[in-house]
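The next block is final.pdb, given as PDB, C-alpha atoms and all ligand atoms.
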ATOM      1  CA  MET A   1     -60.502  36.520-120.050
ATOM      2  CA  LYS A   2     -61.321  38.876-122.854
ATOM      3  CA  ILE A   3     -62.975  42.261-123.054
ATOM      4  CA  LEU A   4     -65.459  42.722-125.888
ATOM      5  CA  CYS A   5     -66.384  46.301-126.706
ATOM      6  CA  ILE A   6     -69.148  47.927-128.715
ATOM      7  CA  GLY A   7     -68.696  51.147-130.673
ATOM      8  CA  ARG A   8     -71.315  53.657-131.844
ATOM      9  CA  ASN A   9     -74.197  52.283-129.780
ATOM     10  CA  TYR A  10     -75.780  55.673-129.008
ATOM     11  CA  ALA A  11     -76.944  57.885-131.870
ATOM     12  CA  GLU A  12     -75.774  61.196-130.396
ATOM     13  CA  HIS A  13     -72.282  59.864-129.763
ATOM     14  CA  ALA A  14     -71.985  58.487-133.311
ATOM     15  CA  SER A  15     -72.872  61.904-134.687
ATOM     16  CA  GLU A  16     -70.494  63.813-132.362
ATOM     17  CA  LEU A  17     -67.635  61.847-133.985
ATOM     18  CA  ASN A  18     -69.165  62.196-137.485
ATOM     19  CA  ASN A  19     -69.745  58.453-137.767
ATOM     20  CA  PRO A  20     -72.759  57.006-139.610
ATOM     21  CA  LEU A  21     -75.256  54.956-137.577
ATOM     22  CA  PRO A  22     -74.204  51.305-137.774
ATOM     23  CA  GLU A  23     -76.450  48.655-139.336
ATOM     24  CA  GLU A  24     -75.086  46.062-136.922
ATOM     25  CA  PRO A  25     -73.000  46.414-133.742
ATOM     26  CA  VAL A  26     -69.431  47.699-134.163
ATOM     27  CA  VAL A  27     -67.199  45.284-132.215
ATOM     28  CA  PHE A  28     -63.604  45.491-131.032
ATOM     29  CA  MET A  29     -61.629  43.848-128.234
ATOM     30  CA  LYS A  30     -59.197  44.675-125.478
ATOM     31  CA  PRO A  31     -56.834  42.140-123.872
ATOM     32  CA  GLU A  32     -56.766  41.405-120.148
ATOM     33  CA  THR A  33     -53.663  43.611-119.841
ATOM     34  CA  ALA A  34     -55.854  46.639-120.655
ATOM     35  CA  LEU A  35     -57.449  46.392-117.189
ATOM     36  CA  GLN A  36     -56.292  48.879-114.597
ATOM     37  CA  SER A  37     -57.522  49.740-111.112
ATOM     38  CA  ASP A  38     -58.781  53.212-110.203
ATOM     39  CA  GLN A  39     -56.874  52.969-106.917
ATOM     40  CA  GLU A  40     -53.690  54.501-108.303
ATOM     41  CA  PRO A  41     -53.140  57.674-110.346
ATOM     42  CA  TYR A  42     -53.743  57.261-114.065
ATOM     43  CA  ILE A  43     -50.688  58.214-116.109
ATOM     44  CA  ILE A  44     -51.447  59.517-119.605
ATOM     45  CA  PRO A  45     -49.541  57.329-122.115
ATOM     46  CA  ASP A  46     -46.771  59.061-124.069
ATOM     47  CA  PHE A  47     -48.153  58.068-127.495
ATOM     48  CA  THR A  48     -51.247  60.277-127.348
ATOM     49  CA  GLN A  49     -51.919  63.992-127.132
ATOM     50  CA  ASP A  50     -55.682  63.452-127.064
ATOM     51  CA  LEU A  51     -56.698  60.798-124.524
ATOM     52  CA  HIS A  52     -60.510  60.566-124.286
ATOM     53  CA  TYR A  53     -62.740  59.106-121.581
ATOM     54  CA  GLU A  54     -65.808  57.075-122.605
ATOM     55  CA  LEU A  55     -68.058  55.956-119.751
ATOM     56  CA  GLU A  56     -70.024  52.786-120.475
ATOM     57  CA  ILE A  57     -72.182  50.129-118.854
ATOM     58  CA  VAL A  58     -70.048  46.991-118.447
ATOM     59  CA  LEU A  59     -71.441  43.462-118.224
ATOM     60  CA  ARG A  60     -69.618  40.525-116.698
ATOM     61  CA  ILE A  61     -70.336  37.127-118.218
ATOM     62  CA  GLY A  62     -71.219  34.384-115.722
ATOM     63  CA  LYS A  63     -71.481  31.297-117.896
ATOM     64  CA  LYS A  64     -70.008  29.847-121.029
ATOM     65  CA  SER A  65     -72.313  30.575-123.914
ATOM     66  CA  LYS A  66     -72.613  30.816-127.658
ATOM     67  CA  GLN A  67     -75.537  31.310-130.071
ATOM     68  CA  LEU A  68     -77.819  32.893-127.471
ATOM     69  CA  GLU A  69     -81.552  33.316-127.779
ATOM     70  CA  LEU A  70     -82.670  36.911-127.187
ATOM     71  CA  ASP A  71     -84.941  36.021-124.270
ATOM     72  CA  GLN A  72     -82.157  34.097-122.532
ATOM     73  CA  ALA A  73     -79.383  36.624-123.088
ATOM     74  CA  TRP A  74     -79.607  38.219-119.632
ATOM     75  CA  ASP A  75     -79.136  34.749-118.052
ATOM     76  CA  VAL A  76     -75.457  34.730-119.044
ATOM     77  CA  VAL A  77     -74.739  38.037-117.260
ATOM     78  CA  ASP A  78     -73.751  37.776-113.590
ATOM     79  CA  GLY A  79     -72.659  41.362-112.942
ATOM     80  CA  ILE A  80     -73.346  44.908-114.068
ATOM     81  CA  GLY A  81     -70.916  47.759-113.531
ATOM     82  CA  ILE A  82     -69.484  50.774-115.285
ATOM     83  CA  GLY A  83     -66.193  51.218-117.041
ATOM     84  CA  ILE A  84     -64.078  53.791-118.811
ATOM     85  CA  ASP A  85     -63.021  52.848-122.337
ATOM     86  CA  PHE A  86     -59.949  55.070-122.663
ATOM     87  CA  THR A  87     -59.242  55.978-126.265
ATOM     88  CA  ALA A  88     -56.228  57.645-127.855
ATOM     89  CA  ARG A  89     -58.468  59.670-130.176
ATOM     90  CA  ASP A  90     -55.639  61.192-132.218
ATOM     91  CA  LEU A  91     -54.211  57.753-132.937
ATOM     92  CA  GLN A  92     -57.655  56.269-133.611
ATOM     93  CA  SER A  93     -58.430  59.011-136.150
ATOM     94  CA  LYS A  94     -55.202  58.248-138.031
ATOM     95  CA  LEU A  95     -55.886  54.494-138.016
ATOM     96  CA  LYS A  96     -59.511  54.985-139.104
ATOM     97  CA  ALA A  97     -58.428  57.246-141.983
ATOM     98  CA  LYS A  98     -56.134  54.502-143.245
ATOM     99  CA  GLY A  99     -58.692  51.742-142.643
ATOM    100  CA  LEU A 100     -56.363  50.075-140.115
ATOM    101  CA  PRO A 101     -57.323  48.185-136.926
ATOM    102  CA  TRP A 102     -57.909  50.236-133.755
ATOM    103  CA  GLU A 103     -55.967  48.204-131.183
ATOM    104  CA  LYS A 104     -53.151  50.660-130.586
ATOM    105  CA  ALA A 105     -55.723  53.391-129.903
ATOM    106  CA  LYS A 106     -58.186  51.309-127.873
ATOM    107  CA  ALA A 107     -56.551  48.218-126.359
ATOM    108  CA  PHE A 108     -53.338  49.555-124.807
ATOM    109  CA  ASP A 109     -52.334  48.908-121.172
ATOM    110  CA  GLY A 110     -54.661  50.845-118.898
ATOM    111  CA  SER A 111     -57.353  51.416-121.528
ATOM    112  CA  ALA A 112     -60.034  49.675-119.431
ATOM    113  CA  ILE A 113     -61.065  50.848-115.962
ATOM    114  CA  VAL A 114     -63.903  48.776-114.471
ATOM    115  CA  SER A 115     -65.945  49.321-111.298
ATOM    116  CA  ASN A 116     -67.095  46.627-108.909
ATOM    117  CA  MET A 117     -70.003  44.573-110.204
ATOM    118  CA  GLN A 118     -73.544  44.435-108.837
ATOM    119  CA  ALA A 119     -76.062  41.637-109.303
ATOM    120  CA  PRO A 120     -78.279  42.104-112.393
ATOM    121  CA  SER A 121     -81.339  41.506-110.181
ATOM    122  CA  GLU A 122     -80.686  44.906-108.552
ATOM    123  CA  PHE A 123     -81.458  46.754-111.809
ATOM    124  CA  ASP A 124     -84.416  47.781-113.904
ATOM    125  CA  LYS A 125     -82.553  46.442-116.932
ATOM    126  CA  ASP A 126     -84.323  48.515-119.558
ATOM    127  CA  HIS A 127     -83.515  51.750-117.729
ATOM    128  CA  ILE A 128     -79.991  51.543-116.347
ATOM    129  CA  ARG A 129     -78.696  55.056-115.682
ATOM    130  CA  PHE A 130     -75.104  56.184-115.456
ATOM    131  CA  HIS A 131     -73.157  59.417-115.549
ATOM    132  CA  LEU A 132     -69.633  60.786-115.479
ATOM    133  CA  LEU A 133     -68.280  63.817-113.638
ATOM    134  CA  LYS A 134     -65.064  65.468-114.759
ATOM    135  CA  ASN A 135     -63.712  67.732-112.042
ATOM    136  CA  GLY A 136     -67.168  67.711-110.451
ATOM    137  CA  VAL A 137     -69.021  68.724-113.642
ATOM    138  CA  GLU A 138     -71.366  66.269-115.392
ATOM    139  CA  VAL A 139     -69.977  65.558-118.862
ATOM    140  CA  GLN A 140     -71.770  62.332-119.843
ATOM    141  CA  THR A 141     -75.123  60.880-118.927
ATOM    142  CA  GLY A 142     -76.524  57.647-120.311
ATOM    143  CA  LEU A 143     -79.593  55.440-120.179
ATOM    144  CA  SER A 144     -79.581  51.861-121.427
ATOM    145  CA  SER A 145     -82.894  52.349-123.254
ATOM    146  CA  ASP A 146     -81.131  54.847-125.567
ATOM    147  CA  MET A 147     -78.831  52.141-126.959
ATOM    148  CA  LEU A 148     -79.172  51.521-130.699
ATOM    149  CA  PHE A 149     -78.710  47.798-130.007
ATOM    150  CA  SER A 150     -80.110  46.602-126.676
ATOM    151  CA  ILE A 151     -78.018  44.525-124.286
ATOM    152  CA  PRO A 152     -79.754  41.228-125.309
ATOM    153  CA  LYS A 153     -79.158  42.081-128.990
ATOM    154  CA  LEU A 154     -75.494  42.859-128.300
ATOM    155  CA  LEU A 155     -74.996  39.558-126.469
ATOM    156  CA  GLN A 156     -76.772  37.638-129.208
ATOM    157  CA  HIS A 157     -74.632  39.309-131.846
ATOM    158  CA  LEU A 158     -71.379  38.669-129.958
ATOM    159  CA  GLY A 159     -72.381  35.033-129.430
ATOM    160  CA  ARG A 160     -72.541  34.463-133.187
ATOM    161  CA  TYR A 161     -68.798  35.098-133.418
ATOM    162  CA  PHE A 162     -67.258  34.513-129.995
ATOM    163  CA  THR A 163     -67.739  31.983-127.223
ATOM    164  CA  LEU A 164     -68.499  34.040-124.130
ATOM    165  CA  MET A 165     -66.641  32.729-121.082
ATOM    166  CA  PRO A 166     -67.125  33.309-117.354
ATOM    167  CA  GLY A 167     -65.232  36.449-116.358
ATOM    168  CA  ASP A 168     -65.342  38.016-119.822
ATOM    169  CA  MET A 169     -66.520  41.615-119.871
ATOM    170  CA  VAL A 170     -68.592  43.521-122.393
ATOM    171  CA  PHE A 171     -68.316  47.310-122.761
ATOM    172  CA  THR A 172     -71.652  48.341-124.246
ATOM    173  CA  GLY A 173     -70.789  51.672-125.889
ATOM    174  CA  THR A 174     -70.678  55.266-124.737
ATOM    175  CA  PRO A 175     -73.244  58.070-124.935
ATOM    176  CA  ALA A 176     -72.452  61.595-126.168
ATOM    177  CA  GLY A 177     -70.113  63.887-124.261
ATOM    178  CA  VAL A 178     -66.770  62.109-124.679
ATOM    179  CA  GLY A 179     -63.766  64.349-124.248
ATOM    180  CA  ARG A 180     -60.153  64.827-123.425
ATOM    181  CA  VAL A 181     -58.412  64.372-120.081
ATOM    182  CA  GLU A 182     -55.358  66.240-118.846
ATOM    183  CA  GLY A 183     -53.079  65.931-115.846
ATOM    184  CA  GLY A 184     -54.866  67.106-112.716
ATOM    185  CA  ASP A 185     -58.337  66.005-113.878
ATOM    186  CA  VAL A 186     -60.475  63.756-111.693
ATOM    187  CA  LEU A 187     -63.049  61.432-113.291
ATOM    188  CA  GLU A 188     -65.933  59.989-111.266
ATOM    189  CA  GLY A 189     -68.241  57.399-112.800
ATOM    190  CA  PHE A 190     -71.673  56.719-111.306
ATOM    191  CA  LEU A 191     -74.106  53.845-111.807
ATOM    192  CA  GLU A 192     -77.667  54.524-110.627
ATOM    193  CA  GLY A 193     -76.335  57.464-108.634
ATOM    194  CA  LYS A 194     -73.707  55.395-106.832
ATOM    195  CA  ARG A 195     -70.050  56.212-107.452
ATOM    196  CA  GLY A 196     -68.207  53.198-108.865
ATOM    197  CA  ILE A 197     -65.050  54.805-110.273
ATOM    198  CA  GLN A 198     -62.886  57.638-108.992
ATOM    199  CA  LEU A 199     -59.756  58.244-111.019
ATOM    200  CA  ALA A 200     -57.046  60.894-110.727
ATOM    201  CA  ILE A 201     -55.252  61.695-113.997
ATOM    202  CA  VAL A 202     -51.576  62.656-114.050
ATOM    203  CA  ASN A 203     -49.244  63.626-116.892
ATOM    204  CA  GLY A 204     -46.700  61.012-117.977
TER     205      GLY A 204
HETATM  206 ZN    ZN D 301     -66.244  52.966-126.101
END

Show me this structure written as structure tokens.
Amino acid sequence: MKILCIGRNYAEHASELNNPLPEEPVVFMKPETALQSDQEPYIIPDFTQDLHYELEIVLRIGKKSKQLELDQAWDVVDGIGIGIDFTARDLQSKLKAKGLPWEKAKAFDGSAIVSNMQAPSEFDKDHIRFHLLKNGVEVQTGLSSDMLFSIPKLLQHLGRYFTLMPGDMVFTGTPAGVGRVEGGDVLEGFLEGKRGIQLAIVNG
């Protein structure tokens, strides 16, 4: 399976990192080895001094598809959850400055934490709400209707370039409020008020 990720899909987050608003979705990927469970402590990798959380709505693909029509895009999704797109921000800033690919900063082992999935039929898909607590304090809150590119538009765009396969996941971008984690922090991700991720951070 593959993990497709979208960058800069919420205006306030793009501006907090001084990025221009994109004219089309910003896409990057993580390999399957990026996936990690929230059931064990999360060890901060030794190659970053500035590991950031990014809480995002995650879609799981249920059927093989390519070249999707907008009004059929939701049909290929068989699960909705939340995920943390961990980012080595210091490394990413260096790579971006040199115009180099982001993989070392975005696709490393443990860079993708994903909750259990719920059936899409359980959601009001235009208004999916999610939020992140860090040490019990709300640091990010998101609403799918605030996306610059809606979920159907993202899927349609991805399907122009990549065959979507059952089990693939799509990280749909993070709202404003990203920030650093340190040893001792606890992250809790919520989808529609229900906790889907609980992660204890420890120093490496
Ligand atoms: Zn992200």

Evaluate the PyMOL selection byres (((not hetatm)) within 12 of (chain D and resi 301)) and report residues as a PDB file with C-alpha atoms, keeping the file's coordinate frame:
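So selection-v6.pdb came out as:
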ATOM      1  CA  ILE A   3     -62.975  42.261-123.054  1.00  0.00           C
ATOM      2  CA  LEU A   4     -65.459  42.722-125.888  1.00  0.00           C
ATOM      3  CA  CYS A   5     -66.384  46.301-126.706  1.00  0.00           C
ATOM      4  CA  ILE A   6     -69.148  47.927-128.715  1.00  0.00           C
ATOM      5  CA  GLY A   7     -68.696  51.147-130.673  1.00  0.00           C
ATOM      6  CA  ARG A   8     -71.315  53.657-131.844  1.00  0.00           C
ATOM      7  CA  ASN A   9     -74.197  52.283-129.780  1.00  0.00           C
ATOM      8  CA  TYR A  10     -75.780  55.673-129.008  1.00  0.00           C
ATOM      9  CA  HIS A  13     -72.282  59.864-129.763  1.00  0.00           C
ATOM     10  CA  ALA A  14     -71.985  58.487-133.311  1.00  0.00           C
ATOM     11  CA  LEU A  17     -67.635  61.847-133.985  1.00  0.00           C
ATOM     12  CA  VAL A  26     -69.431  47.699-134.163  1.00  0.00           C
ATOM     13  CA  VAL A  27     -67.199  45.284-132.215  1.00  0.00           C
ATOM     14  CA  PHE A  28     -63.604  45.491-131.032  1.00  0.00           C
ATOM     15  CA  MET A  29     -61.629  43.848-128.234  1.00  0.00           C
ATOM     16  CA  LYS A  30     -59.197  44.675-125.478  1.00  0.00           C
ATOM     17  CA  HIS A  52     -60.510  60.566-124.286  1.00  0.00           C
ATOM     18  CA  TYR A  53     -62.740  59.106-121.581  1.00  0.00           C
ATOM     19  CA  GLU A  54     -65.808  57.075-122.605  1.00  0.00           C
ATOM     20  CA  LEU A  55     -68.058  55.956-119.751  1.00  0.00           C
ATOM     21  CA  GLU A  56     -70.024  52.786-120.475  1.00  0.00           C
ATOM     22  CA  ILE A  57     -72.182  50.129-118.854  1.00  0.00           C
ATOM     23  CA  VAL A  58     -70.048  46.991-118.447  1.00  0.00           C
ATOM     24  CA  ILE A  82     -69.484  50.774-115.285  1.00  0.00           C
ATOM     25  CA  GLY A  83     -66.193  51.218-117.041  1.00  0.00           C
ATOM     26  CA  ILE A  84     -64.078  53.791-118.811  1.00  0.00           C
ATOM     27  CA  ASP A  85     -63.021  52.848-122.337  1.00  0.00           C
ATOM     28  CA  PHE A  86     -59.949  55.070-122.663  1.00  0.00           C
ATOM     29  CA  THR A  87     -59.242  55.978-126.265  1.00  0.00           C
ATOM     30  CA  ALA A  88     -56.228  57.645-127.855  1.00  0.00           C
ATOM     31  CA  ARG A  89     -58.468  59.670-130.176  1.00  0.00           C
ATOM     32  CA  GLN A  92     -57.655  56.269-133.611  1.00  0.00           C
ATOM     33  CA  TRP A 102     -57.909  50.236-133.755  1.00  0.00           C
ATOM     34  CA  ALA A 105     -55.723  53.391-129.903  1.00  0.00           C
ATOM     35  CA  LYS A 106     -58.186  51.309-127.873  1.00  0.00           C
ATOM     36  CA  ALA A 107     -56.551  48.218-126.359  1.00  0.00           C
ATOM     37  CA  SER A 111     -57.353  51.416-121.528  1.00  0.00           C
ATOM     38  CA  ALA A 112     -60.034  49.675-119.431  1.00  0.00           C
ATOM     39  CA  ILE A 113     -61.065  50.848-115.962  1.00  0.00           C
ATOM     40  CA  VAL A 170     -68.592  43.521-122.393  1.00  0.00           C
ATOM     41  CA  PHE A 171     -68.316  47.310-122.761  1.00  0.00           C
ATOM     42  CA  THR A 172     -71.652  48.341-124.246  1.00  0.00           C
ATOM     43  CA  GLY A 173     -70.789  51.672-125.889  1.00  0.00           C
ATOM     44  CA  THR A 174     -70.678  55.266-124.737  1.00  0.00           C
ATOM     45  CA  PRO A 175     -73.244  58.070-124.935  1.00  0.00           C
ATOM     46  CA  ALA A 176     -72.452  61.595-126.168  1.00  0.00           C
ATOM     47  CA  GLY A 177     -70.113  63.887-124.261  1.00  0.00           C
ATOM     48  CA  VAL A 178     -66.770  62.109-124.679  1.00  0.00           C
ATOM     49  CA  GLY A 179     -63.766  64.349-124.248  1.00  0.00           C
TER      50      GLY A 179
END

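For the pair atom CA of A:Lys96 and atom CA of A:Leu154, the interatomic distance is 22.8 Å.
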
Might you spell out which residues the PyMOL selection byres (((chain A and resi 185-195) around 6) and not hetatm) would select in the displayed file, as a ChimeraX atom specification?
/A:129-135,182-184,196-201

Pull out every residue that the PyMOL selection byres (((chain A and resi 203) around 6) and not hetatm) matches in the shown coordinates and put them as a PDB file with C-alpha atoms, in the frame of the given file.
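The resulting file, selection.pdb, is shown below:
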ATOM      1  CA  ILE A  43     -50.688  58.214-116.109  1.00  0.00           C
ATOM      2  CA  ILE A  44     -51.447  59.517-119.605  1.00  0.00           C
ATOM      3  CA  GLY A 183     -53.079  65.931-115.846  1.00  0.00           C
ATOM      4  CA  VAL A 202     -51.576  62.656-114.050  1.00  0.00           C
ATOM      5  CA  GLY A 204     -46.700  61.012-117.977  1.00  0.00           C
TER       6      GLY A 204
END

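Counting from atom CA of A:Val181, the distance to atom CA of A:Leu35 is 18.2 Å.
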
Quick one: 3 Å padding each side, axis-aligned, all listed atoms of stretch 21-26 of chain A - centre and edge lengths in Å to one decimal, as lines of an AutoDock Vina configuration file?
center_x = -72.9
center_y = 50.5
center_z = -136.5
size_x = 13.0
size_y = 14.9
size_z = 11.6

Between atom CA of A:Ile61 and atom CA of A:Gln140 - distance in Å to one decimal
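Pair atom CA of A:Gln140 / atom CA of A:Ile61 returns 25.3 Å.
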
Rank A:Ser37, A:Asp75, A:Met1, A:Tyr161 by their smallest atom-to-atom distance to A:Gly110, using all atoms listed in the file, and report the top residue only.
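Once distances to A:Gly110 are computed over all atoms listed in the file, the minimum belongs to A:Ser37.
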
Name the residues in contact with A:Asn116 at a cut-off of 7 Å, using only C-alpha atoms, excluding same-chain residues fewer than 2 positions from it; report them as a VMD selection string.
chain A and resid 81 114 118 196

Counting all atoms listed in the file, note down every residue that has an atom within 9 Å of the point (-65.7, 30.9, -123.0) (file coordinates), as a list in words.
Met1, Lys63, Lys64, Ser65, Lys66, Phe162, Thr163, Leu164, Met165, Pro166, Gly167 and Asp168 of chain A

Those residues you just picked out, can you put them in a file as a PDB file, in the coordinates of the input with C-alpha atoms?
ATOM      1  CA  MET A   1     -60.502  36.520-120.050  1.00  0.00           C
ATOM      2  CA  LYS A  63     -71.481  31.297-117.896  1.00  0.00           C
ATOM      3  CA  LYS A  64     -70.008  29.847-121.029  1.00  0.00           C
ATOM      4  CA  SER A  65     -72.313  30.575-123.914  1.00  0.00           C
ATOM      5  CA  LYS A  66     -72.613  30.816-127.658  1.00  0.00           C
ATOM      6  CA  PHE A 162     -67.258  34.513-129.995  1.00  0.00           C
ATOM      7  CA  THR A 163     -67.739  31.983-127.223  1.00  0.00           C
ATOM      8  CA  LEU A 164     -68.499  34.040-124.130  1.00  0.00           C
ATOM      9  CA  MET A 165     -66.641  32.729-121.082  1.00  0.00           C
ATOM     10  CA  PRO A 166     -67.125  33.309-117.354  1.00  0.00           C
ATOM     11  CA  GLY A 167     -65.232  36.449-116.358  1.00  0.00           C
ATOM     12  CA  ASP A 168     -65.342  38.016-119.822  1.00  0.00           C
TER      13      ASP A 168
END

Smallest atom-to-atom distance to A:Thr48: which of A:Glu69, A:Glu32, A:Asp90, A:Glu138, using all atoms listed in the file?
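Ranked by minimum distance to A:Thr48, first place goes to A:Asp90.
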
Rank nothing, just name the residue among A:Lys98, A:Arg180, A:Leu21, A:Ala34 nearest to A:Val139, using only C-alpha atoms.
A:Arg180

Would you mind telling me which residue in A:Ile128, A:Asn19, A:Ala11, A:Val77 lies nearest to A:Ser144 when using only C-alpha atoms?
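Using only C-alpha atoms, A:Ser144 sits closest to A:Ile128.
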